[in-house]
file start21.cif (mmCIF, N, CA and C atoms)
data_upload
#
loop_
_atom_site.label_atom_id
_atom_site.label_comp_id
_atom_site.auth_asym_id
_atom_site.auth_seq_id
_atom_site.Cartn_x
_atom_site.Cartn_y
_atom_site.Cartn_z
N GLU A 1 6.47 -15.90 -16.16
CA GLU A 1 6.19 -14.63 -16.77
C GLU A 1 5.40 -13.75 -15.82
N PHE A 2 5.59 -12.47 -15.96
CA PHE A 2 4.84 -11.51 -15.15
C PHE A 2 4.66 -10.23 -15.96
N THR A 3 3.73 -9.42 -15.52
CA THR A 3 3.49 -8.11 -16.11
C THR A 3 3.85 -7.06 -15.07
N ALA A 4 4.63 -6.06 -15.48
CA ALA A 4 5.05 -5.02 -14.54
C ALA A 4 4.77 -3.64 -15.13
N THR A 5 4.33 -2.75 -14.26
CA THR A 5 4.15 -1.35 -14.60
C THR A 5 4.89 -0.54 -13.55
N ASN A 6 5.75 0.36 -13.99
CA ASN A 6 6.49 1.24 -13.10
C ASN A 6 6.07 2.67 -13.40
N ASN A 7 5.50 3.34 -12.42
CA ASN A 7 4.95 4.68 -12.62
C ASN A 7 5.91 5.77 -12.13
N VAL A 8 5.80 6.92 -12.76
CA VAL A 8 6.51 8.12 -12.32
C VAL A 8 5.50 9.24 -12.15
N ASP A 9 5.85 10.21 -11.30
CA ASP A 9 4.97 11.37 -11.13
C ASP A 9 5.30 12.42 -12.18
N GLU A 10 4.68 13.60 -12.05
CA GLU A 10 4.87 14.67 -13.04
C GLU A 10 6.31 15.17 -13.11
N ASP A 11 7.10 14.87 -12.08
CA ASP A 11 8.51 15.28 -12.07
C ASP A 11 9.44 14.15 -12.51
N GLY A 12 8.87 13.03 -12.93
CA GLY A 12 9.67 11.90 -13.37
C GLY A 12 10.23 11.06 -12.23
N LEU A 13 9.67 11.23 -11.03
CA LEU A 13 10.15 10.49 -9.86
C LEU A 13 9.32 9.23 -9.65
N PRO A 14 9.92 8.18 -9.08
CA PRO A 14 9.18 6.94 -8.85
C PRO A 14 7.87 7.18 -8.10
N ALA A 15 6.79 6.58 -8.60
CA ALA A 15 5.47 6.78 -8.00
C ALA A 15 4.65 5.50 -8.06
N GLY A 16 5.22 4.44 -7.52
CA GLY A 16 4.48 3.19 -7.45
C GLY A 16 4.48 2.41 -8.74
N GLY A 17 3.56 1.50 -8.81
CA GLY A 17 3.44 0.61 -9.94
C GLY A 17 2.91 -0.72 -9.43
N ASN A 18 2.97 -1.71 -10.30
CA ASN A 18 2.48 -3.02 -9.89
C ASN A 18 3.13 -4.13 -10.67
N VAL A 19 3.04 -5.32 -10.13
CA VAL A 19 3.51 -6.54 -10.77
C VAL A 19 2.42 -7.59 -10.57
N THR A 20 2.07 -8.28 -11.64
CA THR A 20 1.08 -9.35 -11.53
C THR A 20 1.55 -10.58 -12.28
N SER A 21 1.16 -11.71 -11.77
CA SER A 21 1.41 -13.00 -12.39
C SER A 21 0.45 -13.99 -11.73
N ILE A 22 0.46 -15.20 -12.17
CA ILE A 22 -0.38 -16.21 -11.52
C ILE A 22 0.07 -16.33 -10.07
N GLY A 23 -0.85 -16.12 -9.15
CA GLY A 23 -0.56 -16.22 -7.72
C GLY A 23 0.23 -15.06 -7.16
N LEU A 24 0.35 -13.95 -7.91
CA LEU A 24 1.16 -12.82 -7.46
C LEU A 24 0.50 -11.51 -7.84
N SER A 25 0.36 -10.63 -6.88
CA SER A 25 -0.17 -9.30 -7.13
C SER A 25 0.52 -8.33 -6.18
N ILE A 26 1.37 -7.47 -6.72
CA ILE A 26 2.15 -6.53 -5.91
C ILE A 26 1.80 -5.11 -6.33
N GLU A 27 1.51 -4.28 -5.36
CA GLU A 27 1.39 -2.84 -5.56
C GLU A 27 2.59 -2.21 -4.87
N TRP A 28 3.44 -1.52 -5.64
CA TRP A 28 4.65 -0.92 -5.08
C TRP A 28 4.32 0.36 -4.32
N GLN A 29 5.16 0.68 -3.35
CA GLN A 29 5.05 1.93 -2.60
C GLN A 29 4.99 3.11 -3.57
N LYS A 30 4.05 4.00 -3.33
CA LYS A 30 3.91 5.20 -4.16
C LYS A 30 4.38 6.40 -3.34
N GLY A 31 5.54 6.92 -3.71
CA GLY A 31 6.08 8.10 -3.04
C GLY A 31 6.87 7.78 -1.79
N PRO A 32 7.73 8.72 -1.39
CA PRO A 32 8.53 8.51 -0.19
C PRO A 32 7.70 8.63 1.08
N LEU A 33 8.19 8.03 2.14
CA LEU A 33 7.49 8.04 3.42
C LEU A 33 7.82 9.27 4.26
N GLY A 34 8.95 9.89 3.99
CA GLY A 34 9.39 11.02 4.81
C GLY A 34 10.29 10.55 5.94
N GLU A 35 10.80 11.51 6.68
CA GLU A 35 11.72 11.24 7.79
C GLU A 35 11.00 10.49 8.91
N GLU A 36 11.77 9.77 9.72
CA GLU A 36 11.23 9.11 10.91
C GLU A 36 10.62 10.17 11.81
N GLY A 37 9.51 9.86 12.42
CA GLY A 37 8.87 10.80 13.33
C GLY A 37 7.38 10.84 13.13
N PRO A 38 6.72 11.78 13.81
CA PRO A 38 5.25 11.81 13.79
C PRO A 38 4.66 12.16 12.42
N ASP A 39 5.44 12.81 11.55
CA ASP A 39 4.92 13.20 10.23
C ASP A 39 5.18 12.14 9.15
N ARG A 40 5.85 11.05 9.53
CA ARG A 40 6.16 10.00 8.56
C ARG A 40 4.85 9.39 8.05
N LYS A 41 4.77 9.20 6.74
CA LYS A 41 3.57 8.64 6.13
C LYS A 41 3.49 7.13 6.37
N VAL A 42 2.28 6.63 6.33
CA VAL A 42 2.04 5.19 6.43
C VAL A 42 2.33 4.58 5.05
N PRO A 43 3.04 3.45 4.98
CA PRO A 43 3.28 2.82 3.68
C PRO A 43 1.96 2.51 2.96
N ASN A 44 1.98 2.68 1.63
CA ASN A 44 0.79 2.38 0.83
C ASN A 44 1.04 1.27 -0.18
N GLY A 45 2.23 0.67 -0.11
CA GLY A 45 2.57 -0.38 -1.05
C GLY A 45 3.79 -1.16 -0.58
N ALA A 46 4.18 -2.12 -1.38
CA ALA A 46 5.29 -3.01 -1.04
C ALA A 46 6.63 -2.36 -1.34
N PHE A 47 7.65 -2.84 -0.64
CA PHE A 47 9.02 -2.42 -0.86
C PHE A 47 9.81 -3.61 -1.41
N VAL A 48 10.82 -3.33 -2.22
CA VAL A 48 11.65 -4.38 -2.81
C VAL A 48 12.22 -5.29 -1.72
N GLU A 49 12.66 -4.69 -0.61
CA GLU A 49 13.24 -5.47 0.47
C GLU A 49 12.27 -6.52 1.01
N THR A 50 11.00 -6.18 1.09
CA THR A 50 10.00 -7.12 1.58
C THR A 50 9.86 -8.31 0.64
N LEU A 51 9.88 -8.04 -0.66
CA LEU A 51 9.76 -9.12 -1.64
C LEU A 51 10.97 -10.03 -1.62
N ILE A 52 12.16 -9.44 -1.49
CA ILE A 52 13.37 -10.26 -1.40
C ILE A 52 13.32 -11.13 -0.15
N ALA A 53 12.91 -10.55 0.97
CA ALA A 53 12.82 -11.30 2.23
C ALA A 53 11.81 -12.44 2.10
N ALA A 54 10.71 -12.22 1.41
CA ALA A 54 9.70 -13.27 1.22
C ALA A 54 10.26 -14.41 0.38
N ALA A 55 10.98 -14.08 -0.70
CA ALA A 55 11.60 -15.12 -1.53
C ALA A 55 12.65 -15.88 -0.74
N LEU A 56 13.43 -15.17 0.06
CA LEU A 56 14.44 -15.80 0.91
C LEU A 56 13.80 -16.79 1.88
N GLN A 57 12.73 -16.36 2.53
CA GLN A 57 12.04 -17.24 3.48
C GLN A 57 11.56 -18.52 2.80
N ARG A 58 11.04 -18.37 1.60
CA ARG A 58 10.49 -19.53 0.90
C ARG A 58 11.59 -20.53 0.54
N ILE A 59 12.72 -20.03 0.05
CA ILE A 59 13.81 -20.94 -0.32
C ILE A 59 14.41 -21.58 0.92
N GLU A 60 14.53 -20.83 2.01
CA GLU A 60 15.00 -21.42 3.27
C GLU A 60 14.06 -22.53 3.72
N TRP A 61 12.77 -22.31 3.54
CA TRP A 61 11.78 -23.33 3.90
C TRP A 61 11.99 -24.59 3.08
N TYR A 62 12.22 -24.43 1.76
CA TYR A 62 12.48 -25.60 0.92
C TYR A 62 13.68 -26.39 1.42
N GLN A 63 14.67 -25.69 1.92
CA GLN A 63 15.88 -26.36 2.41
C GLN A 63 15.59 -27.23 3.64
N GLU A 64 14.55 -26.90 4.39
CA GLU A 64 14.29 -27.59 5.66
C GLU A 64 13.08 -28.53 5.64
N VAL A 65 12.11 -28.27 4.77
CA VAL A 65 10.87 -29.05 4.78
C VAL A 65 11.15 -30.53 4.51
N ASN A 66 10.33 -31.37 5.12
CA ASN A 66 10.41 -32.82 4.90
C ASN A 66 11.83 -33.34 5.15
N ASP A 67 12.39 -32.91 6.30
CA ASP A 67 13.75 -33.32 6.69
C ASP A 67 14.79 -32.99 5.63
N GLY A 68 14.62 -31.87 4.96
CA GLY A 68 15.61 -31.42 3.98
C GLY A 68 15.56 -32.13 2.65
N LYS A 69 14.45 -32.75 2.33
CA LYS A 69 14.32 -33.52 1.08
C LYS A 69 14.67 -32.68 -0.15
N PHE A 70 14.36 -31.37 -0.11
CA PHE A 70 14.57 -30.51 -1.28
C PHE A 70 15.84 -29.67 -1.16
N ARG A 71 16.65 -29.94 -0.13
CA ARG A 71 17.89 -29.19 0.07
C ARG A 71 18.83 -29.43 -1.10
N CYS A 72 19.45 -28.34 -1.57
CA CYS A 72 20.41 -28.47 -2.65
C CYS A 72 21.37 -27.29 -2.64
N ASP A 73 22.49 -27.45 -3.33
CA ASP A 73 23.50 -26.40 -3.39
C ASP A 73 22.98 -25.14 -4.07
N GLU A 74 22.13 -25.31 -5.08
CA GLU A 74 21.59 -24.15 -5.79
C GLU A 74 20.72 -23.30 -4.87
N ASN A 75 19.89 -23.96 -4.06
CA ASN A 75 19.08 -23.21 -3.08
C ASN A 75 19.99 -22.48 -2.10
N ALA A 76 21.03 -23.15 -1.63
CA ALA A 76 21.96 -22.52 -0.68
C ALA A 76 22.61 -21.29 -1.31
N GLU A 77 22.99 -21.39 -2.57
CA GLU A 77 23.61 -20.24 -3.25
C GLU A 77 22.59 -19.11 -3.43
N ALA A 78 21.36 -19.46 -3.79
CA ALA A 78 20.32 -18.43 -3.91
C ALA A 78 20.09 -17.74 -2.57
N ILE A 79 20.08 -18.51 -1.48
CA ILE A 79 19.93 -17.93 -0.14
C ILE A 79 21.05 -16.94 0.14
N ASN A 80 22.28 -17.31 -0.21
CA ASN A 80 23.41 -16.39 0.00
C ASN A 80 23.23 -15.10 -0.79
N HIS A 81 22.83 -15.21 -2.04
CA HIS A 81 22.67 -14.01 -2.88
C HIS A 81 21.53 -13.12 -2.38
N LEU A 82 20.41 -13.73 -2.01
CA LEU A 82 19.29 -12.93 -1.49
C LEU A 82 19.65 -12.28 -0.16
N SER A 83 20.38 -13.01 0.69
CA SER A 83 20.84 -12.42 1.95
C SER A 83 21.78 -11.26 1.69
N ASP A 84 22.68 -11.42 0.72
CA ASP A 84 23.59 -10.33 0.34
C ASP A 84 22.81 -9.12 -0.15
N ALA A 85 21.79 -9.37 -0.96
CA ALA A 85 20.98 -8.26 -1.49
C ALA A 85 20.32 -7.49 -0.35
N LEU A 86 19.76 -8.21 0.62
CA LEU A 86 19.13 -7.54 1.76
C LEU A 86 20.15 -6.75 2.57
N TYR A 87 21.34 -7.30 2.75
CA TYR A 87 22.40 -6.61 3.49
C TYR A 87 22.78 -5.31 2.77
N ILE A 88 22.99 -5.40 1.47
CA ILE A 88 23.41 -4.23 0.69
C ILE A 88 22.33 -3.16 0.72
N LEU A 89 21.08 -3.54 0.57
CA LEU A 89 19.99 -2.56 0.62
C LEU A 89 19.86 -1.94 2.00
N ASP A 90 20.13 -2.71 3.06
CA ASP A 90 20.12 -2.16 4.41
C ASP A 90 21.26 -1.17 4.60
N GLU A 91 22.42 -1.48 4.03
CA GLU A 91 23.55 -0.54 4.09
C GLU A 91 23.21 0.76 3.37
N ARG A 92 22.51 0.65 2.24
CA ARG A 92 22.07 1.85 1.52
C ARG A 92 21.15 2.68 2.41
N THR A 93 20.21 2.03 3.08
CA THR A 93 19.29 2.74 3.97
C THR A 93 20.06 3.44 5.09
N LYS A 94 21.00 2.75 5.71
CA LYS A 94 21.79 3.36 6.78
C LYS A 94 22.56 4.57 6.28
N ASP A 95 23.13 4.48 5.08
CA ASP A 95 23.85 5.60 4.49
C ASP A 95 22.90 6.77 4.25
N ARG A 96 21.73 6.49 3.71
CA ARG A 96 20.75 7.56 3.45
C ARG A 96 20.28 8.20 4.76
N GLN A 97 20.10 7.39 5.81
CA GLN A 97 19.73 7.94 7.11
C GLN A 97 20.83 8.86 7.64
N ALA A 98 22.07 8.42 7.52
CA ALA A 98 23.20 9.22 8.01
C ALA A 98 23.32 10.55 7.26
N ARG A 99 22.94 10.56 5.99
CA ARG A 99 22.99 11.79 5.19
C ARG A 99 21.72 12.61 5.28
N GLY A 100 20.70 12.10 6.00
CA GLY A 100 19.46 12.83 6.17
C GLY A 100 18.57 12.87 4.95
N VAL A 101 18.71 11.87 4.06
CA VAL A 101 17.87 11.85 2.85
C VAL A 101 16.96 10.62 2.77
N GLU A 102 17.01 9.75 3.80
CA GLU A 102 16.12 8.59 3.80
C GLU A 102 14.67 9.06 3.88
N GLY A 103 13.80 8.40 3.13
CA GLY A 103 12.39 8.78 3.12
C GLY A 103 12.08 9.94 2.21
N THR A 104 13.05 10.29 1.34
CA THR A 104 12.85 11.38 0.38
C THR A 104 13.28 10.89 -1.01
N HIS A 105 13.05 11.71 -2.02
CA HIS A 105 13.55 11.40 -3.35
C HIS A 105 14.95 11.95 -3.58
N GLN A 106 15.55 12.55 -2.57
CA GLN A 106 16.92 13.05 -2.72
C GLN A 106 17.88 11.87 -2.85
N THR A 107 18.94 12.08 -3.63
CA THR A 107 19.93 11.00 -3.83
C THR A 107 21.19 11.28 -3.06
#

call {"tool": "encode", "arguments": {"input": "start21.cif", "output": "structure tokens"}}
result
Amino acid sequence: EFTATNNVDEDGLPAGGNVTSIGLSIEWQKGPLGEEGPDRKVPNGAFVETLIAAALQRIEWYQEVNDGKFRCDENAEAINHLSDALYILDERTKDRQARGVEGTHQT
């Protein structure tokens, strides 16, 4: 179980939030970072991609630790799905960069 809060700004746009659980405390990025370059803002919170990558790393570790004692087909399938999720989100980023809307609330 976890508790999640998703915030919006006065225009109804995503504006951070948080997730908490035992051993877990996440503050989500609040607001867009802007275009690449000297005016780009410094991140102030976590991104979904970072959390997916962290979960992926942990499951990959389970597959290898103690000479693969915990290796299983379910972990392998979860690794595939998490890897696919990261790939798809990266493709979205590339598309947004190509359209000049990455780092903004434009869709």

call {"tool": "resolve_selection", "arguments": {"input": "start21.cif", "expression": "the PyMOL selection byres ((chain A and resi 16-28) around 5)", "output": "list in words"}}
result
Phe2, Thr3, Ala4, Thr5, Asn6, Asn7, Pro14, Ala15, Gln29, Lys30, Gly31, Gly45 and Ala46 of chain A

call {"tool": "select_by_dssp", "arguments": {"input": "start21.cif", "residues": "region 12-105 of chain A", "states": "strand (DSSP E or B)", "output": "ChimeraX atom specification"}}
result
/A:14-21,24-28,46

call {"tool": "resolve_selection", "arguments": {"input": "start21.cif", "expression": "the PyMOL selection byres (((chain A and resi 56 and name CA) around 12) and name CA)", "output": "PyMOL selection string"}}
result
chain A and resi 49-55+57-63+75-86

call {"tool": "atom_distance", "arguments": {"input": "start21.cif", "atom1": "atom N of Gly103 (chain A)", "atom2": "CA of Glu36 (chain A)"}}
result
8.2 Å

call {"tool": "atom_distance", "arguments": {"input": "start21.cif", "atom1": "atom N of Ile88 (chain A)", "atom2": "CA of Lys69 (chain A)"}}
result
29.4 Å

call {"tool": "closest_residue", "arguments": {"input": "start21.cif", "among": "A:Gly37, A:Pro43, A:Gly68, A:Pro32", "to": "His105 (chain A)", "atoms": "only N, CA and C atoms"}}
result
A:Pro32

call {"tool": "atom_distance", "arguments": {"input": "start21.cif", "atom1": "atom N of Glu35 (chain A)", "atom2": "atom C of Glu102 (chain A)"}}
result
5.4 Å

call {"tool": "select_by_dssp", "arguments": {"input": "start21.cif", "residues": "chain A", "states": "alpha helix (DSSP H)", "output": "ChimeraX atom specification"}}
result
/A:48-68,73-99
